[in-house]
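See below for data_22.txt, which holds compact mmCIF, C-alpha atoms.
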# COMPACT_ATOMS: atom_id res chain seq x y z
CA MET A 11 -65.39 -12.33 -41.91
CA SER A 12 -62.99 -12.11 -38.96
CA LYS A 13 -64.26 -12.87 -35.50
CA LYS A 14 -64.60 -10.06 -32.98
CA TRP A 15 -61.85 -10.44 -30.41
CA PHE A 16 -62.64 -10.43 -26.69
CA PRO A 17 -60.09 -10.44 -23.87
CA PRO A 18 -59.60 -13.97 -22.52
CA GLN A 19 -61.53 -14.85 -19.37
CA SER A 20 -58.27 -15.16 -17.44
CA ASP A 21 -57.53 -11.49 -18.11
CA LEU A 22 -61.02 -10.46 -17.09
CA GLU A 23 -60.66 -12.37 -13.87
CA LYS A 24 -57.26 -10.81 -13.15
CA GLY A 25 -58.93 -7.44 -13.50
CA VAL A 26 -56.71 -4.39 -12.97
CA ASN A 27 -52.95 -4.66 -12.36
CA GLY A 28 -53.28 -8.19 -10.95
CA LEU A 29 -56.26 -7.49 -8.67
CA HIS A 30 -59.16 -9.92 -8.94
CA ILE A 31 -62.20 -8.53 -10.73
CA ASN A 32 -64.28 -8.91 -7.56
CA ASP A 33 -61.82 -6.80 -5.56
CA VAL A 34 -62.31 -3.57 -7.51
CA THR A 35 -65.30 -1.40 -8.30
CA PRO A 36 -66.93 -1.21 -11.75
CA ASP A 37 -65.56 2.33 -12.10
CA THR A 38 -62.02 1.02 -11.71
CA VAL A 39 -62.61 -1.71 -14.28
CA ALA A 40 -63.98 0.86 -16.74
CA THR A 41 -60.79 2.93 -16.55
CA SER A 42 -58.43 0.03 -17.13
CA SER A 43 -56.92 -0.91 -20.48
CA ARG A 44 -54.60 -3.60 -19.13
CA PHE A 45 -55.81 -6.52 -21.22
CA SER A 46 -53.91 -8.85 -23.52
CA SER A 47 -53.28 -7.98 -27.16
CA PRO A 48 -55.34 -9.80 -29.80
CA PRO A 49 -53.86 -13.13 -30.86
CA GLY A 50 -52.31 -13.71 -34.26
CA PRO A 51 -49.52 -12.03 -36.25
CA LYS A 52 -48.25 -8.76 -34.80
CA THR A 53 -49.50 -5.62 -36.56
CA GLU A 54 -48.94 -1.88 -36.21
CA ALA A 55 -51.29 1.02 -36.73
CA LEU A 56 -50.82 2.61 -40.15
CA VAL A 57 -51.57 6.04 -38.65
CA PRO A 58 -49.71 6.95 -35.44
CA PRO A 59 -52.18 6.94 -32.55
CA ILE A 60 -53.15 10.05 -30.63
CA TYR A 61 -51.65 9.86 -27.16
CA HIS A 62 -54.09 11.96 -25.17
CA SER A 63 -52.58 10.96 -21.84
CA SER A 64 -51.29 13.91 -19.83
CA THR A 65 -49.03 11.71 -17.71
CA TYR A 66 -47.31 8.32 -17.83
CA LYS A 67 -46.96 5.53 -15.28
CA LEU A 68 -43.45 4.74 -14.03
CA GLN A 69 -42.09 1.39 -12.87
CA SER A 70 -39.80 2.94 -10.26
CA VAL A 71 -38.80 6.29 -8.79
CA ASP A 72 -35.38 6.01 -10.42
CA ASP A 73 -37.03 5.88 -13.86
CA TYR A 74 -38.00 9.56 -13.57
CA LEU A 75 -34.46 10.93 -13.86
CA LYS A 76 -33.44 8.15 -16.22
CA ILE A 77 -36.17 9.15 -18.70
CA LEU A 78 -35.24 12.82 -18.41
CA GLU A 79 -31.64 11.99 -19.25
CA GLU A 80 -32.09 9.24 -21.84
CA GLY A 81 -35.49 9.96 -23.38
CA GLY A 82 -39.01 8.74 -22.98
CA TYR A 83 -42.28 10.11 -21.69
CA ILE A 84 -43.26 11.37 -18.26
CA TYR A 85 -45.66 14.28 -18.79
CA SER A 86 -47.09 15.54 -22.07
CA ARG A 87 -45.86 19.10 -21.64
CA LEU A 88 -42.35 17.62 -21.66
CA GLY A 89 -42.90 15.19 -24.51
CA ASN A 90 -45.59 13.23 -26.32
CA PHE A 91 -45.32 10.46 -28.89
CA THR A 92 -47.85 11.99 -31.30
CA ASN A 93 -46.04 15.34 -31.22
CA ASP A 94 -42.68 13.67 -31.71
CA SER A 95 -44.05 11.83 -34.76
CA VAL A 96 -44.94 15.06 -36.54
CA CYS A 97 -41.66 16.69 -35.43
CA ALA A 98 -39.75 13.90 -37.17
CA VAL A 99 -41.70 14.39 -40.40
CA ILE A 100 -41.21 18.18 -40.38
CA ASN A 101 -37.50 17.83 -39.67
CA SER A 102 -37.18 15.46 -42.61
CA LEU A 103 -38.93 17.95 -44.90
CA GLU A 104 -36.80 20.85 -43.67
CA GLY A 105 -33.48 18.99 -43.62
CA GLY A 106 -32.76 20.25 -40.13
CA LYS A 107 -31.08 19.01 -36.97
CA GLY A 108 -34.31 18.99 -34.96
CA SER A 109 -37.86 20.35 -35.07
CA LEU A 110 -40.41 21.30 -32.42
CA VAL A 111 -44.15 21.92 -32.74
CA PHE A 112 -46.05 24.64 -30.90
CA SER A 113 -49.65 25.46 -30.00
CA THR A 114 -49.78 28.31 -32.56
CA GLY A 115 -47.53 30.07 -35.03
CA MET A 116 -47.22 33.00 -32.63
CA ALA A 117 -46.27 30.57 -29.84
CA ALA A 118 -43.36 29.46 -32.03
CA ILE A 119 -42.32 33.03 -32.83
CA SER A 120 -42.64 34.41 -29.30
CA THR A 121 -40.87 31.43 -27.73
CA ALA A 122 -37.98 31.83 -30.19
CA LEU A 123 -37.66 35.54 -29.45
CA LEU A 124 -37.79 35.03 -25.68
CA CYS A 125 -35.36 32.12 -25.87
CA PHE A 126 -32.63 33.75 -27.92
CA LEU A 127 -32.97 37.45 -26.97
CA LYS A 128 -32.44 39.15 -23.62
CA SER A 129 -32.53 42.66 -22.20
CA GLY A 130 -30.08 44.92 -24.02
CA ASP A 131 -30.18 42.92 -27.27
CA HIS A 132 -31.15 44.23 -30.70
CA ILE A 133 -33.08 42.59 -33.56
CA VAL A 134 -33.37 43.64 -37.22
CA VAL A 135 -36.78 42.81 -38.76
CA ASN A 136 -38.35 43.26 -42.18
CA ASN A 137 -41.29 45.67 -42.53
CA PRO A 138 -44.04 44.89 -43.35
CA CYS A 139 -44.29 41.54 -41.64
CA TYR A 140 -46.96 39.32 -40.14
CA SER A 141 -49.13 41.48 -37.87
CA GLY A 142 -48.50 39.30 -34.81
CA THR A 143 -44.75 39.55 -35.33
CA TYR A 144 -45.04 43.32 -35.71
CA ASP A 145 -47.04 43.52 -32.48
CA ILE A 146 -44.55 41.57 -30.38
CA VAL A 147 -41.54 43.42 -31.82
CA VAL A 148 -43.04 46.90 -31.38
CA ASN A 149 -45.18 46.56 -28.27
CA ILE A 150 -43.85 43.64 -26.18
CA LEU A 151 -40.11 43.21 -26.68
CA PRO A 152 -39.33 46.85 -25.68
CA ARG A 153 -40.88 46.12 -22.26
CA TYR A 154 -38.04 43.65 -21.75
CA GLY A 155 -35.34 46.04 -22.94
CA ILE A 156 -35.00 44.55 -26.45
CA GLU A 157 -34.44 47.05 -29.26
CA HIS A 158 -35.50 46.68 -32.88
CA THR A 159 -34.79 48.22 -36.27
CA PHE A 160 -36.97 47.73 -39.36
CA VAL A 161 -35.66 47.30 -42.89
CA THR A 162 -37.86 47.48 -45.96
CA THR A 163 -39.14 44.08 -47.01
CA GLY A 164 -37.66 42.96 -50.30
CA CYS A 165 -34.54 45.06 -49.86
CA PRO A 166 -31.09 43.67 -50.72
CA VAL A 167 -29.67 41.67 -47.82
CA GLU A 168 -26.91 44.28 -47.43
CA GLU A 169 -29.55 46.59 -45.94
CA TYR A 170 -29.64 44.29 -42.91
CA ARG A 171 -25.88 44.69 -42.52
CA LYS A 172 -26.19 48.49 -42.38
CA TYR A 173 -28.26 48.28 -39.20
CA ILE A 174 -26.22 45.69 -37.33
CA LYS A 175 -24.94 47.03 -34.00
CA PRO A 176 -22.64 45.55 -31.33
CA ASN A 177 -25.72 44.31 -29.45
CA THR A 178 -27.49 42.83 -32.50
CA ARG A 179 -28.34 39.20 -31.78
CA MET A 180 -30.94 38.31 -34.41
CA LEU A 181 -31.81 38.98 -38.06
CA TYR A 182 -35.45 38.17 -38.83
CA GLY A 183 -36.95 37.80 -42.29
CA GLU A 184 -40.07 36.58 -44.07
CA THR A 185 -40.22 35.17 -47.57
CA PRO A 186 -42.60 35.48 -49.27
CA CYS A 187 -43.53 38.37 -47.04
CA ASN A 188 -46.91 38.93 -45.42
CA PRO A 189 -48.83 40.66 -46.96
CA ASN A 190 -46.98 42.18 -49.94
CA MET A 191 -45.24 39.02 -51.26
CA ALA A 192 -41.73 40.50 -51.29
CA ILE A 193 -38.91 37.95 -51.49
CA LEU A 194 -35.81 37.64 -49.29
CA ASP A 195 -32.69 36.14 -50.87
CA LEU A 196 -32.13 33.14 -48.59
CA GLU A 197 -28.66 32.31 -49.90
CA GLU A 198 -27.40 35.84 -49.22
CA PHE A 199 -29.23 36.02 -45.88
CA GLY A 200 -27.59 32.81 -44.77
CA LYS A 201 -24.15 34.07 -45.84
CA LEU A 202 -24.66 37.28 -43.88
CA GLY A 203 -25.63 35.39 -40.76
CA ARG A 204 -22.65 33.05 -40.99
CA SER A 205 -20.28 36.00 -41.37
CA LEU A 206 -21.35 37.44 -38.00
CA ASP A 207 -20.50 36.30 -34.49
CA ASN A 208 -23.31 35.64 -32.01
CA VAL A 209 -26.06 36.66 -34.46
CA LEU A 210 -28.86 34.23 -35.32
CA THR A 211 -30.89 34.22 -38.53
CA ILE A 212 -34.55 33.21 -38.44
CA VAL A 213 -36.88 33.02 -41.44
CA ASP A 214 -40.66 32.76 -41.48
CA SER A 215 -41.39 30.73 -44.61
CA THR A 216 -45.08 30.15 -43.92
CA PHE A 217 -46.22 31.51 -47.30
CA ALA A 218 -44.08 28.97 -49.18
CA SER A 219 -44.09 25.78 -47.05
CA PRO A 220 -40.98 23.60 -46.69
CA TYR A 221 -42.00 21.66 -49.78
CA LEU A 222 -41.61 24.64 -52.08
CA GLN A 223 -38.85 26.40 -50.17
CA PRO A 224 -36.62 24.52 -47.70
CA VAL A 225 -34.83 27.14 -45.63
CA ILE A 226 -32.20 25.38 -43.53
CA LYS A 227 -30.08 24.31 -46.51
CA HIS A 228 -29.23 27.97 -47.13
CA GLY A 229 -27.43 28.23 -43.81
CA ILE A 230 -30.32 29.80 -41.92
CA ASP A 231 -30.25 29.02 -38.19
CA ILE A 232 -34.01 28.70 -37.58
CA SER A 233 -36.90 28.05 -39.97
CA MET A 234 -40.37 29.01 -38.73
CA HIS A 235 -43.82 28.09 -40.05
CA SER A 236 -47.34 28.76 -38.95
CA CYS A 237 -48.58 25.21 -39.46
CA THR A 238 -52.13 26.57 -39.30
CA LYS A 239 -51.62 27.48 -42.93
CA TYR A 240 -50.22 25.30 -45.72
CA MET A 241 -48.74 22.53 -43.60
CA GLY A 242 -52.08 21.78 -41.94
CA GLY A 243 -53.86 22.79 -45.11
CA HIS A 244 -57.50 22.31 -44.07
CA SER A 245 -58.31 25.33 -41.86
CA ASP A 246 -59.05 23.05 -38.90
CA LEU A 247 -56.08 23.50 -36.56
CA VAL A 248 -53.79 26.19 -35.15
CA ALA A 249 -50.13 25.27 -34.77
CA GLY A 250 -46.57 26.38 -35.36
CA CYS A 251 -43.15 24.81 -35.76
CA LEU A 252 -39.46 25.66 -35.54
CA THR A 253 -36.67 23.74 -37.23
CA PHE A 254 -33.05 24.27 -36.28
CA GLY A 255 -29.79 24.20 -38.15
CA SER A 256 -27.89 22.90 -35.12
CA VAL A 257 -28.56 20.39 -32.36
CA ASP A 258 -27.46 22.92 -29.71
CA LEU A 259 -30.15 25.42 -30.76
CA TRP A 260 -32.75 22.65 -30.78
CA LYS A 261 -31.79 21.51 -27.28
CA THR A 262 -31.86 25.07 -25.95
CA MET A 263 -35.35 25.59 -27.34
CA ILE A 264 -36.65 22.35 -25.80
CA HIS A 265 -35.98 23.78 -22.34
CA TYR A 266 -37.78 27.05 -23.11
CA GLN A 267 -40.72 25.36 -24.80
CA THR A 268 -41.37 22.96 -21.95
CA THR A 269 -40.97 25.67 -19.30
CA LEU A 270 -43.14 28.24 -21.09
CA GLY A 271 -45.72 25.56 -21.92
CA THR A 272 -46.12 26.42 -25.59
CA SER A 273 -46.19 22.88 -26.98
CA MET A 274 -48.93 21.56 -29.25
CA SER A 275 -51.81 19.33 -28.20
CA PRO A 276 -51.53 15.73 -29.45
CA HIS A 277 -54.89 16.01 -31.22
CA ASP A 278 -53.67 18.96 -33.29
CA ALA A 279 -50.41 17.11 -33.91
CA SER A 280 -52.38 14.26 -35.43
CA LEU A 281 -54.31 16.64 -37.68
CA LEU A 282 -51.06 18.28 -38.73
CA LEU A 283 -49.47 14.95 -39.55
CA ARG A 284 -52.48 14.10 -41.73
CA GLY A 285 -52.20 17.45 -43.52
CA ILE A 286 -48.51 17.10 -44.27
CA LYS A 287 -49.16 13.83 -46.09
CA THR A 288 -50.82 15.75 -48.95
CA LEU A 289 -48.58 18.85 -48.79
CA PRO A 290 -46.74 18.25 -52.10
CA ILE A 291 -49.83 17.74 -54.26
CA ARG A 292 -51.68 20.60 -52.55
CA MET A 293 -48.80 23.06 -53.00
CA GLU A 294 -48.51 22.23 -56.68
CA LYS A 295 -52.25 22.87 -57.18
CA HIS A 296 -52.19 26.06 -55.08
CA SER A 297 -49.26 27.29 -57.17
CA SER A 298 -50.65 26.47 -60.60
CA ASN A 299 -54.01 28.02 -59.70
CA ALA A 300 -52.39 31.17 -58.30
CA GLN A 301 -50.26 31.62 -61.41
CA LYS A 302 -53.40 31.68 -63.59
CA VAL A 303 -55.29 34.00 -61.25
CA ALA A 304 -52.32 36.39 -60.93
CA GLU A 305 -51.98 36.60 -64.71
CA PHE A 306 -55.69 37.40 -64.97
CA LEU A 307 -55.54 40.10 -62.29
CA GLU A 308 -52.44 41.72 -63.78
CA LYS A 309 -54.35 42.40 -67.03
CA HIS A 310 -57.50 43.70 -65.34
CA PRO A 311 -58.07 47.49 -65.68
CA LYS A 312 -59.35 47.82 -62.10
CA VAL A 313 -56.21 46.27 -60.66
CA GLN A 314 -53.32 48.69 -60.35
CA LYS A 315 -50.62 46.22 -59.38
CA VAL A 316 -50.20 42.50 -58.69
CA MET A 317 -47.45 41.13 -56.46
CA TYR A 318 -46.93 37.42 -57.11
CA PRO A 319 -43.45 35.85 -57.25
CA GLY A 320 -44.36 33.83 -60.34
CA LEU A 321 -44.92 36.94 -62.44
CA PRO A 322 -41.91 38.34 -64.35
CA SER A 323 -43.07 41.79 -63.20
CA HIS A 324 -42.36 40.91 -59.57
CA PRO A 325 -39.19 42.80 -58.53
CA GLN A 326 -37.63 39.68 -56.96
CA HIS A 327 -38.91 37.19 -59.54
CA GLN A 328 -35.43 35.91 -60.36
CA ILE A 329 -34.61 35.33 -56.69
CA ALA A 330 -37.89 33.44 -56.27
CA ARG A 331 -37.05 31.26 -59.27
CA LYS A 332 -33.70 30.46 -57.70
CA GLN A 333 -35.01 29.33 -54.31
CA MET A 334 -38.60 28.12 -54.83
CA LYS A 335 -39.84 25.01 -56.68
CA MET A 336 -43.09 26.81 -57.54
CA PHE A 337 -44.48 30.14 -56.37
CA SER A 338 -47.15 29.11 -53.85
CA GLY A 339 -50.75 30.27 -53.60
CA MET A 340 -50.54 33.78 -52.10
CA ILE A 341 -51.29 36.88 -54.17
CA ALA A 342 -51.26 40.55 -53.18
CA ALA A 343 -53.18 42.87 -55.49
CA GLU A 344 -53.61 46.63 -55.27
CA ILE A 345 -57.16 47.49 -56.31
CA ARG A 346 -57.97 50.85 -57.84
CA GLY A 347 -60.30 52.94 -55.71
CA GLY A 348 -58.38 52.71 -52.43
CA VAL A 349 -60.13 51.44 -49.33
CA GLN A 350 -63.54 51.58 -51.01
CA GLY A 351 -62.38 49.61 -54.06
CA GLY A 352 -60.69 46.98 -51.91
CA LYS A 353 -63.72 46.56 -49.66
CA ILE A 354 -66.11 46.26 -52.59
CA LEU A 355 -64.01 43.44 -54.04
CA VAL A 356 -63.64 41.40 -50.85
CA GLU A 357 -67.31 41.82 -49.87
CA ASN A 358 -68.69 40.69 -53.23
CA VAL A 359 -66.84 37.47 -53.94
CA ARG A 360 -68.98 34.33 -53.80
CA LEU A 361 -66.74 31.30 -54.26
CA VAL A 362 -63.77 32.96 -52.57
CA GLN A 363 -64.48 33.52 -48.86
CA LEU A 364 -63.86 36.71 -46.89
CA ALA A 365 -61.76 35.51 -43.96
CA VAL A 366 -58.36 35.95 -42.34
CA SER A 367 -55.73 33.20 -42.36
CA LEU A 368 -54.59 31.35 -45.46
CA GLY A 369 -53.19 28.14 -46.87
CA GLY A 370 -56.32 25.99 -46.77
CA VAL A 371 -57.89 24.12 -49.66
CA GLU A 372 -60.54 26.85 -49.97
CA SER A 373 -59.72 30.30 -51.39
CA LEU A 374 -59.78 33.23 -48.95
CA ILE A 375 -59.50 36.99 -49.37
CA GLU A 376 -58.94 39.84 -46.92
CA HIS A 377 -58.31 43.61 -46.85
CA PRO A 378 -55.16 44.23 -44.73
CA ALA A 379 -55.69 48.00 -44.25
CA THR A 380 -58.94 47.40 -42.37
CA MET A 381 -58.36 43.87 -41.10
CA THR A 382 -55.06 42.10 -40.30
CA HIS A 383 -52.88 45.23 -40.49
CA GLY A 384 -55.64 47.69 -39.58
CA PRO A 385 -55.95 50.57 -37.09
CA MET A 386 -56.30 48.27 -34.09
CA LEU A 387 -52.64 47.39 -34.58
CA MET A 388 -50.90 49.92 -36.83
CA THR A 389 -51.20 53.63 -37.51
CA SER A 390 -51.81 54.68 -41.12
CA GLU A 391 -48.27 56.04 -41.25
CA ASP A 392 -46.73 52.76 -40.07
CA ARG A 393 -48.91 50.78 -42.46
CA LEU A 394 -48.07 52.92 -45.47
CA SER A 395 -44.36 52.95 -44.58
CA GLY A 396 -44.48 49.19 -44.94
CA GLY A 397 -46.10 49.43 -48.36
CA ILE A 398 -49.55 48.29 -47.21
CA THR A 399 -51.70 50.58 -49.33
CA ASP A 400 -55.39 51.36 -48.87
CA GLY A 401 -56.46 49.23 -51.82
CA LEU A 402 -54.26 46.21 -51.14
CA VAL A 403 -56.03 42.85 -50.89
CA ARG A 404 -54.43 39.54 -49.95
CA ILE A 405 -55.73 36.41 -51.66
CA SER A 406 -55.02 32.85 -50.60
CA ILE A 407 -55.74 30.74 -53.66
CA GLY A 408 -57.18 27.31 -52.89
CA ILE A 409 -57.47 24.16 -54.97
CA GLU A 410 -60.77 24.91 -56.70
CA ASP A 411 -61.01 25.07 -60.49
CA PRO A 412 -58.99 28.16 -61.50
CA ASP A 413 -61.54 29.22 -64.11
CA ASP A 414 -64.22 29.32 -61.42
CA LEU A 415 -62.00 31.51 -59.24
CA ILE A 416 -61.34 33.90 -62.13
CA LYS A 417 -65.06 34.17 -62.90
CA ASP A 418 -65.79 34.95 -59.25
CA LEU A 419 -63.12 37.66 -59.04
CA GLN A 420 -64.30 39.09 -62.38
CA GLN A 421 -67.90 39.50 -61.20
CA ALA A 422 -66.71 41.10 -57.93
CA LEU A 423 -64.39 43.51 -59.76
CA ASP A 424 -67.28 44.45 -62.05
CA LYS A 425 -69.07 45.88 -59.01
CA ILE A 426 -66.39 48.53 -58.41
CA PRO A 427 -67.83 51.71 -59.96
CA GLU A 428 -65.73 53.61 -62.45
CA ASN A 429 -66.22 56.91 -60.60
CA ILE A 430 -64.09 55.81 -57.60
CA ILE A 431 -61.15 54.70 -59.71
CA GLY A 432 -58.45 57.35 -59.81
Could you render the structure as structure tokens?
Amino acid sequence: MSKKWFPPQSDLEKGVNGLHINDVTPDTVATSSRFSSPPGPKTEALVPPIYHSSTYKLQSVDDYLKILEEGGYIYSRLGNFTNDSVCAVINSLEGGKGSLVFSTGMAAISTALLCFLKSGDHIVVNNPCYSGTYDIVVNILPRYGIEHTFVTTGCPVEEYRKYIKPNTRMLYGETPCNPNMAILDLEEFGKLGRSLDNVLTIVDSTFASPYLQPVIKHGIDISMHSCTKYMGGHSDLVAGCLTFGSVDLWKTMIHYQTTLGTSMSPHDASLLLRGIKTLPIRMEKHSSNAQKVAEFLEKHPKVQKVMYPGLPSHPQHQIARKQMKMFSGMIAAEIRGGVQGGKILVENVRLVQLAVSLGGVESLIEHPATMTHGPMLMTSEDRLSGGITDGLVRISIGIEDPDDLIKDLQQALDKIPENIIG
């Protein structure tokens, strides 16, 4: 058994920063960590430590500007070792020129929009899209003089080209799309972006993760993820990230992120780094489970339609096969019986949990028409124009036994009475 190490008496006597122990108060001693390292061979922590410090001590005044110019740490809003550790891992996964982590997925999206758009600009966005993205595009950006045009999610990329105007500065897409699982052709989207001057392409690939669907390699300028979902993977953090196809875009965003104060806390960065370590094996299990559940649902008489990229019936199945390793864990299913049928299903599952969000190890289900894309955010007309029908449910398949998930969904579907099915 190894001996417990204590700081040598000489260090204790030196006290804090060279002051004798008798010259400082006990409170000062308690806040000091300036003791010698343990003796013996040098070791390093296997897991990067969490740097909770908000600020860093400098040796001289001149060091302040030197660190700003050459790198290092001054203040955690400007940079933090724990955050930089997870940025490096994400950038490696994405194959980008630089990544940044944010306090939430919406912090990443809103900072990107505010950074790269200005008054008088125009953005083309897929519809439907994540409800937070819809909210900022429809209700917030117009206040700053930024116009938008929606294209139907899952449309050919040429539809984006039809709506490009002289003041268009950004093309925004999701794939797979929230909540209807439509697929955007990344190769064609990247080609379109590269053929245009002064127009950026940004893709939200949250539903796939960078393990199943790396975005940057297709020539996309910015890849976005809500790390709350698959990348964190355990429903215990909120976070977002952006990865850039050029160093210049990355450097531009650093300035906006630090000024707007949208960076991630180091504690959440540590949780995210832990989650990413198991991302490959989790995504493979999510995907294999979802494939089995989707095939079950597609054959069920109380399910009108199933949208899952791994099904041959999905309209963009071939595109998904081209750009995804597997098809992820998200399923959209249209339940017969409209709002009532959808609500009966989501309120009667037992193993699957009724909750918003997605991408965790546990299976979740929600009813977009009354929850994430409900009347508090969208009118019925806007919702239906985006293909979000009354009976649509969104299921995030976890890593439980797939047969148990199928049994749970079967017993919940059994509770939908025949007389409400049209």
A:Gly339, A:Gln69, A:Met191, A:Gly250 ranked by distance to Met274 in chain A, top pick (using all atoms listed in the file)
A:Gly250
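Reported to one decimal place, the separation of CA of Ile375 in chain A from CA of Arg292 in chain A is 18.4 Å.
Of the residues under consideration (A:Gly396, A:Tyr85, A:Leu281, A:Phe254), A:Gly396 shows the shortest atom-to-atom contact distance to Asn136 in chain A when counting all atoms listed in the file.
Comparing A:Ala192, A:Val209, A:Ile426, A:Ile226 by their smallest distance to Tyr318 in chain A, the closest is A:Ala192 (using all atoms listed in the file).
Proximity to Cys237 in chain A was assessed for A:Asp72, A:Glu308, A:Glu376, A:Asp214 counting all atoms listed in the file; the smallest distance is recorded for A:Asp214.
Summary of the local environment: counting only C-alpha atoms, residues at most 8 Å from Met336 in chain A, other than itself and those fewer than 3 positions away along its chain, are Leu222, Glu294, Ser297, Gly320 and Arg331 of chain A.
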Between A:Pro412, A:Gly271, A:Pro385, A:Pro276, which has the minimum distance to Lys295 in chain A (counting only C-alpha atoms)?
A:Pro412
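From CA of Val359 in chain A back to CA of Ser219 in chain A, the distance works out to 26.5 Å.
Separating CA of Ala218 in chain A from CA of Lys287 in chain A is a distance of 16.3 Å.
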Spatial neighbours of Cys125 in chain A, max dist 10 Å, all atoms listed in the file, sep filter under 6 positions, as a ChimeraX atom specification
/A:119,259,262-267,270
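Shortest atom-to-atom contact with His277 in chain A among A:Val248, A:Gln420, A:Lys353, A:Gly164: A:Val248, counting only C-alpha atoms.
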